[in-house]
Amino acid sequence: MPSFTCGGNVTADSGLIGSEGYPGVYPPNTKCVWKITVPEGKVAVLRFGFIDLESDSLCRYDYVDVYSGHSSGHRLGRFCGTFRPGALVSSSNKMLVQMVSDANTAGSGFIAMYSSAEPNERGDQYCGGHLYKPSGSFKTPNWPDKDYPAGVSCSWHIVAPKNQIIEVKFEKFDVERDNYCRYDYVAVFNGGEINDARRIGKYCGDSPPPPIFSDGNELLIQFLSDLSLTADGFIGYYKFRPKKYPTMTAPPVMTTTLATTRATPLKYSVALCQQKCKRSGTPESNYCSSSFVITGTVITAVTRGGSMFATVSIINVYKEGNLAIQQAGKNMSTKIHILCKKCPFVRRGLNYLFMGQADEEGYGKIAPNNFVVAFKAKNQRLLNNLKNKRCPVV
């Protein structure tokens with residue numbers, strides 16, 4: 001067994017890297033970085049032989065990050081505990097591995113083998129990559145001949161030109177079913193790295209997700225299978241679209257549609273947005289007239305024309321009505337269309353109470369006359385009381 005040190009630059013066709021002191025206990029309070037370079041024209045592949053780090057469901061304390069390239073822009077995955085992922089494939093001949101430990105619990109660390117492969121080589125262990133053509137497809141290993149393998153981790157990083165967004169559709173989809181998608185799943189993120197704050201959705205089961213639209217020109221699709229049950233897998237297709245196309249995981253909604261009126265003429269919507277922005281009433285007085293009442297954190301806020309499209313991570317639902325709510329594990333989110341981008345004005349990362357209308361298709365709409373206010377924990381009791389309020393039947 002070779003002696004492993006904390007990080008380093010490794011340049012070879014193949015080799016081993018491991019945590020400092022492996023197979024002994026790794027030291028606390030360390031940050032080790034390995035920069036791997038395989039020959040030009042090849043792609044770097046990493047396979048974990050063993051991993052034993054402090055276990056945490058979000059890998060917040062001790063963890064190993066693996067990146068495509070030598071920067072931290074495109075993360076292929078974060079790992080901790082004793083889960084050993086499948087082969088990780090970079091989109092180039094470079095890969096970066098970073099291990100972080102805190103002051104507390106430690107384990108035996110990890111050992112991994114890196115190697116090189118042809119960029120277009122495909123097999124049970126290879127999947128993922130960098131997609132930059134105007135349209136294309138991606139699929140699980142072995143598709144469509146047999147089930148995907150256990151212990152696989154794949155990431156597809158799709159990059160469109162700056163003035164375009166990305167649409168993704170799954171034609172066939174069969175991933176191990178679980179109510180919370182804890183075991184095998186597909187996760188889709190805005191941007192080029194795995195970041196829960198920018199996650200669009202997490203999917204499993206045998207029903208294809210609805211069409212997905214990115215907020216910007218980058219999208220990351222992650223597929224992960226654990227070491228037990230497998231299924232048929234999936235094939236998905238992507239294509240670039242002009243940026244003006246509404247970025248919602250559903251058919252586009254006219255930006256001129258008011259909360260209570262469909263296909264309202266544009267001039268009326270413009271006139272509406274020119275009015276002075278003034279919130280009226282109280283949560284109590286607006287509760288019954290609102291078809292949905294939620295509190296949540298704005299995680300994306302994208303301006304399109306005179307409107308704003310926001311993704312809201314839900315804190316609590318007090319009145320659901322017809323609002324379409326997506327759920328991945330314990331995390332719930334919804335899409336809200338603010339008809340006038342400055343009224344009410346919301347900012348990403350802040351918490352709000354939203355009281356608005358939802359149309360027949362479940363899209364949330366906020367007009368200037370709807371009630372939206374910054375949410376604070378001290379308002380929780382008032383809102384809980386509102387849930388018991390009886391509204392007159394219209």
# chains A, B, ... in the order shown; residues from 1 in each chain; ligands from 1
call {"tool": "residues_around", "arguments": {"residues": "Ile315 in chain A", "least_positions_apart": "4", "cutoff": "9 Å", "atoms": "only C-alpha atoms", "output": "compact mmCIF listing (two decimals) with N, CA and C atoms, in the first residue's frame"}}
result
# COMPACT_ATOMS: atom_id res chain seq x y z
N ILE A 294 -49.34 30.97 0.89
CA ILE A 294 -48.14 30.21 1.26
C ILE A 294 -47.09 31.16 1.81
N THR A 295 -46.14 30.59 2.56
CA THR A 295 -44.91 31.31 2.87
C THR A 295 -43.76 30.54 2.22
N GLY A 296 -42.75 31.25 1.77
CA GLY A 296 -41.65 30.57 1.09
C GLY A 296 -40.47 31.48 0.83
N THR A 297 -39.38 30.85 0.41
CA THR A 297 -38.13 31.55 0.09
C THR A 297 -37.99 31.63 -1.42
N ASN A 331 -38.90 18.53 0.45
CA ASN A 331 -38.82 19.87 -0.11
C ASN A 331 -39.96 20.11 -1.09
N MET A 332 -40.70 21.19 -0.88
CA MET A 332 -41.78 21.57 -1.79
C MET A 332 -41.46 22.91 -2.44
N SER A 333 -41.86 23.06 -3.69
CA SER A 333 -41.63 24.32 -4.38
C SER A 333 -42.77 24.58 -5.34
N ASN A 351 -37.59 35.67 2.43
CA ASN A 351 -38.83 34.94 2.72
C ASN A 351 -40.03 35.87 2.60
call {"tool": "residues_around", "arguments": {"residues": "Phe354 in chain A", "least_positions_apart": "6", "cutoff": "10 Å", "atoms": "only C-alpha atoms", "output": "NGL selection string"}}
result
:A and (283 or 290 or 292-296 or 312 or 317 or 336 or 364-366 or 370-375)
call {"tool": "closest_residue", "arguments": {"among": "A:Arg381, A:Arg390, A:Lys133, A:Lys342", "to": "Cys288 in chain A", "atoms": "only C-alpha atoms"}}
result
A:Arg390
call {"tool": "residues_around", "arguments": {"residues": "Pro119 in chain A", "least_positions_apart": "4", "cutoff": "8 Å", "atoms": "only C-alpha atoms", "output": "ChimeraX atom specification"}}
result
/A:41-43,91-92
call {"tool": "atom_distance", "arguments": {"atom1": "CA of Leu46 in chain A", "atom2": "CA of Ala112 in chain A"}}
result
6.7 Å
call {"tool": "residues_around", "arguments": {"residues": "range 171-173 of chain A", "least_positions_apart": "2", "cutoff": "8 Å", "atoms": "only C-alpha atoms", "output": "PyMOL selection string"}}
result
chain A and resi 169+175+205-208+232-237
call {"tool": "write_last_selection", "arguments": {"atoms": "all heavy atoms", "output": "PDB file, in the first residue's frame"}}
result
ATOM      1  N   LYS A 169     -36.635  17.251 -22.352  1.00  0.00           N
ATOM      2  CA  LYS A 169     -37.803  16.361 -22.302  1.00  0.00           C
ATOM      3  C   LYS A 169     -37.325  14.922 -22.170  1.00  0.00           C
ATOM      4  O   LYS A 169     -36.365  14.522 -22.828  1.00  0.00           O
ATOM      5  CB  LYS A 169     -38.657  16.503 -23.568  1.00  0.00           C
ATOM      6  CG  LYS A 169     -39.390  17.826 -23.703  1.00  0.00           C
ATOM      7  CD  LYS A 169     -40.254  17.843 -24.949  1.00  0.00           C
ATOM      8  CE  LYS A 169     -41.018  19.151 -25.088  1.00  0.00           C
ATOM      9  NZ  LYS A 169     -41.849  19.180 -26.318  1.00  0.00           N
ATOM     10  N   VAL A 175     -37.055   4.764 -13.233  1.00  0.00           N
ATOM     11  CA  VAL A 175     -36.011   4.801 -12.210  1.00  0.00           C
ATOM     12  C   VAL A 175     -36.632   4.289 -10.910  1.00  0.00           C
ATOM     13  O   VAL A 175     -37.791   4.613 -10.609  1.00  0.00           O
ATOM     14  CB  VAL A 175     -35.479   6.245 -12.030  1.00  0.00           C
ATOM     15  CG1 VAL A 175     -34.524   6.341 -10.851  1.00  0.00           C
ATOM     16  CG2 VAL A 175     -34.780   6.708 -13.310  1.00  0.00           C
ATOM     17  N   GLY A 205     -39.280   6.908 -10.199  1.00  0.00           N
ATOM     18  CA  GLY A 205     -40.518   6.255 -10.596  1.00  0.00           C
ATOM     19  C   GLY A 205     -40.569   6.018 -12.091  1.00  0.00           C
ATOM     20  O   GLY A 205     -39.558   6.090 -12.790  1.00  0.00           O
ATOM     21  N   ASP A 206     -41.789   5.743 -12.612  1.00  0.00           N
ATOM     22  CA  ASP A 206     -41.916   5.390 -14.029  1.00  0.00           C
ATOM     23  C   ASP A 206     -42.722   6.400 -14.837  1.00  0.00           C
ATOM     24  O   ASP A 206     -43.156   6.111 -15.950  1.00  0.00           O
ATOM     25  CB  ASP A 206     -42.533   3.991 -14.178  1.00  0.00           C
ATOM     26  CG  ASP A 206     -43.892   3.867 -13.501  1.00  0.00           C
ATOM     27  OD1 ASP A 206     -44.407   4.901 -13.015  1.00  0.00           O
ATOM     28  OD2 ASP A 206     -44.428   2.753 -13.465  1.00  0.00           O
ATOM     29  N   SER A 207     -42.935   7.599 -14.283  1.00  0.00           N
ATOM     30  CA  SER A 207     -43.624   8.664 -15.039  1.00  0.00           C
ATOM     31  C   SER A 207     -42.608   9.728 -15.442  1.00  0.00           C
ATOM     32  O   SER A 207     -41.923  10.277 -14.572  1.00  0.00           O
ATOM     33  CB  SER A 207     -44.722   9.304 -14.188  1.00  0.00           C
ATOM     34  OG  SER A 207     -45.716   8.370 -13.864  1.00  0.00           O
ATOM     35  N   PRO A 208     -42.471  10.025 -16.733  1.00  0.00           N
ATOM     36  CA  PRO A 208     -41.498  11.041 -17.150  1.00  0.00           C
ATOM     37  C   PRO A 208     -41.806  12.396 -16.520  1.00  0.00           C
ATOM     38  O   PRO A 208     -42.977  12.772 -16.390  1.00  0.00           O
ATOM     39  CB  PRO A 208     -41.670  11.096 -18.678  1.00  0.00           C
ATOM     40  CG  PRO A 208     -42.333   9.813 -19.046  1.00  0.00           C
ATOM     41  CD  PRO A 208     -43.196   9.444 -17.879  1.00  0.00           C
ATOM     42  N   ASP A 232     -35.187   0.098 -15.785  1.00  0.00           N
ATOM     43  CA  ASP A 232     -34.889   0.271 -17.219  1.00  0.00           C
ATOM     44  C   ASP A 232     -33.995   1.472 -17.494  1.00  0.00           C
ATOM     45  O   ASP A 232     -33.158   1.448 -18.386  1.00  0.00           O
ATOM     46  CB  ASP A 232     -36.185   0.436 -18.017  1.00  0.00           C
ATOM     47  CG  ASP A 232     -36.960  -0.865 -18.144  1.00  0.00           C
ATOM     48  OD1 ASP A 232     -36.387  -1.925 -17.823  1.00  0.00           O
ATOM     49  OD2 ASP A 232     -38.139  -0.821 -18.544  1.00  0.00           O
ATOM     50  N   GLY A 233     -34.218   2.568 -16.734  1.00  0.00           N
ATOM     51  CA  GLY A 233     -33.463   3.792 -16.985  1.00  0.00           C
ATOM     52  C   GLY A 233     -34.248   4.786 -17.817  1.00  0.00           C
ATOM     53  O   GLY A 233     -35.484   4.799 -17.807  1.00  0.00           O
ATOM     54  N   PHE A 234     -33.565   5.607 -18.581  1.00  0.00           N
ATOM     55  CA  PHE A 234     -34.257   6.659 -19.327  1.00  0.00           C
ATOM     56  C   PHE A 234     -33.439   7.107 -20.519  1.00  0.00           C
ATOM     57  O   PHE A 234     -32.234   6.856 -20.614  1.00  0.00           O
ATOM     58  CB  PHE A 234     -34.530   7.874 -18.431  1.00  0.00           C
ATOM     59  CG  PHE A 234     -33.300   8.502 -17.857  1.00  0.00           C
ATOM     60  CD1 PHE A 234     -32.531   9.400 -18.600  1.00  0.00           C
ATOM     61  CD2 PHE A 234     -32.891   8.207 -16.564  1.00  0.00           C
ATOM     62  CE1 PHE A 234     -31.390   9.983 -18.067  1.00  0.00           C
ATOM     63  CE2 PHE A 234     -31.749   8.789 -16.016  1.00  0.00           C
ATOM     64  CZ  PHE A 234     -31.007   9.672 -16.778  1.00  0.00           C
ATOM     65  N   ILE A 235     -34.135   7.793 -21.420  1.00  0.00           N
ATOM     66  CA  ILE A 235     -33.490   8.577 -22.472  1.00  0.00           C
ATOM     67  C   ILE A 235     -34.160   9.938 -22.492  1.00  0.00           C
ATOM     68  O   ILE A 235     -35.390  10.044 -22.388  1.00  0.00           O
ATOM     69  CB  ILE A 235     -33.555   7.894 -23.850  1.00  0.00           C
ATOM     70  CG1 ILE A 235     -32.788   8.725 -24.890  1.00  0.00           C
ATOM     71  CG2 ILE A 235     -35.000   7.650 -24.295  1.00  0.00           C
ATOM     72  CD1 ILE A 235     -32.544   8.006 -26.214  1.00  0.00           C
ATOM     73  N   GLY A 236     -33.345  10.974 -22.534  1.00  0.00           N
ATOM     74  CA  GLY A 236     -33.857  12.335 -22.559  1.00  0.00           C
ATOM     75  C   GLY A 236     -33.279  13.104 -23.736  1.00  0.00           C
ATOM     76  O   GLY A 236     -32.218  12.750 -24.268  1.00  0.00           O
ATOM     77  N   TYR A 237     -33.984  14.141 -24.132  1.00  0.00           N
ATOM     78  CA  TYR A 237     -33.553  14.973 -25.258  1.00  0.00           C
ATOM     79  C   TYR A 237     -33.515  16.430 -24.816  1.00  0.00           C
ATOM     80  O   TYR A 237     -34.340  16.876 -24.011  1.00  0.00           O
ATOM     81  CB  TYR A 237     -34.508  14.824 -26.437  1.00  0.00           C
ATOM     82  CG  TYR A 237     -34.547  13.419 -27.002  1.00  0.00           C
ATOM     83  CD1 TYR A 237     -35.446  12.486 -26.508  1.00  0.00           C
ATOM     84  CD2 TYR A 237     -33.662  13.033 -28.012  1.00  0.00           C
ATOM     85  CE1 TYR A 237     -35.477  11.182 -27.011  1.00  0.00           C
ATOM     86  CE2 TYR A 237     -33.678  11.748 -28.513  1.00  0.00           C
ATOM     87  CZ  TYR A 237     -34.587  10.831 -28.011  1.00  0.00           C
ATOM     88  OH  TYR A 237     -34.601   9.546 -28.509  1.00  0.00           O
TER      89      TYR A 237
END
call {"tool": "atom_distance", "arguments": {"atom1": "CA of Glu167 in chain A", "atom2": "CA of Pro209 in chain A"}}
result
12.3 Å
call {"tool": "closest_residue", "arguments": {"among": "A:Lys376, A:Lys387, A:Lys139, A:Arg304", "to": "Lys341 in chain A", "atoms": "only C-alpha atoms"}}
result
A:Arg304
call {"tool": "residues_around", "arguments": {"residues": "Leu224 in chain A", "least_positions_apart": "6", "cutoff": "12 Å", "atoms": "only C-alpha atoms", "output": "NGL selection string"}}
result
:A and (76-79 or 83-88 or 127-128 or 140-141 or 148-156 or 175-176 or 181-188 or 202-204 or 230 or 233)
call {"tool": "decode", "arguments": {"residues": "range 75-141 of chain A", "atoms": "C-alpha atoms", "output": "compact mmCIF listing (two decimals), in the first residue's frame"}}
result
# COMPACT_ATOMS: atom_id res chain seq x y z
CA ARG A 75 -18.98 19.40 -9.70
CA LEU A 76 -19.66 15.76 -10.54
CA GLY A 77 -20.66 14.86 -7.00
CA ARG A 78 -20.15 15.18 -3.24
CA PHE A 79 -19.71 11.98 -1.20
CA CYS A 80 -19.50 10.99 2.46
CA GLY A 81 -20.37 8.09 4.74
CA THR A 82 -19.64 4.68 3.22
CA PHE A 83 -21.58 5.08 -0.04
CA ARG A 84 -19.30 4.23 -2.95
CA PRO A 85 -20.46 5.88 -6.21
CA GLY A 86 -19.95 4.45 -9.66
CA ALA A 87 -17.30 5.68 -12.06
CA LEU A 88 -17.08 9.46 -12.42
CA VAL A 89 -16.09 10.77 -15.84
CA SER A 90 -14.68 14.23 -16.55
CA SER A 91 -15.54 16.08 -19.76
CA SER A 92 -11.80 16.66 -20.41
CA ASN A 93 -8.41 15.19 -19.49
CA LYS A 94 -8.47 17.05 -16.16
CA MET A 95 -10.20 16.32 -12.86
CA LEU A 96 -10.06 17.84 -9.39
CA VAL A 97 -10.69 15.90 -6.15
CA GLN A 98 -11.07 17.77 -2.87
CA MET A 99 -11.45 16.25 0.60
CA VAL A 100 -12.53 18.37 3.59
CA SER A 101 -12.66 17.28 7.24
CA ASP A 102 -13.90 19.16 10.29
CA ALA A 103 -12.77 18.94 13.92
CA ASN A 104 -14.91 15.97 14.93
CA THR A 105 -15.81 12.44 13.76
CA ALA A 106 -13.37 10.76 11.39
CA GLY A 107 -13.08 7.43 9.58
CA SER A 108 -10.62 5.58 7.38
CA GLY A 109 -10.95 8.04 4.50
CA PHE A 110 -10.90 6.88 0.89
CA ILE A 111 -8.86 5.29 -1.84
CA ALA A 112 -9.63 5.81 -5.53
CA MET A 113 -8.13 4.86 -8.87
CA TYR A 114 -7.92 7.35 -11.70
CA SER A 115 -7.47 6.34 -15.34
CA SER A 116 -7.96 7.63 -18.86
CA ALA A 117 -10.57 6.69 -21.47
CA GLU A 118 -11.49 7.64 -25.00
CA PRO A 119 -13.98 10.57 -24.99
CA ASN A 120 -16.65 8.63 -26.85
CA GLU A 121 -16.11 5.29 -25.13
CA ARG A 122 -19.32 3.90 -23.67
CA GLY A 123 -20.02 0.94 -21.46
CA ASP A 124 -21.55 -0.03 -18.14
CA GLN A 125 -19.29 2.27 -16.21
CA TYR A 126 -19.30 5.37 -18.45
CA CYS A 127 -21.95 8.07 -18.66
CA GLY A 128 -22.24 11.83 -18.42
CA GLY A 129 -20.22 14.50 -20.14
CA HIS A 130 -20.26 17.98 -21.62
CA LEU A 131 -23.08 18.72 -24.14
CA TYR A 132 -22.80 21.88 -26.21
CA LYS A 133 -24.49 21.08 -29.56
CA PRO A 134 -27.85 22.83 -30.26
CA SER A 135 -29.72 19.57 -29.62
CA GLY A 136 -28.93 16.07 -28.50
CA SER A 137 -29.77 13.23 -26.14
CA PHE A 138 -28.50 11.61 -22.96
CA LYS A 139 -29.29 8.22 -21.49
CA THR A 140 -28.49 5.80 -18.70
CA PRO A 141 -25.76 3.16 -19.23
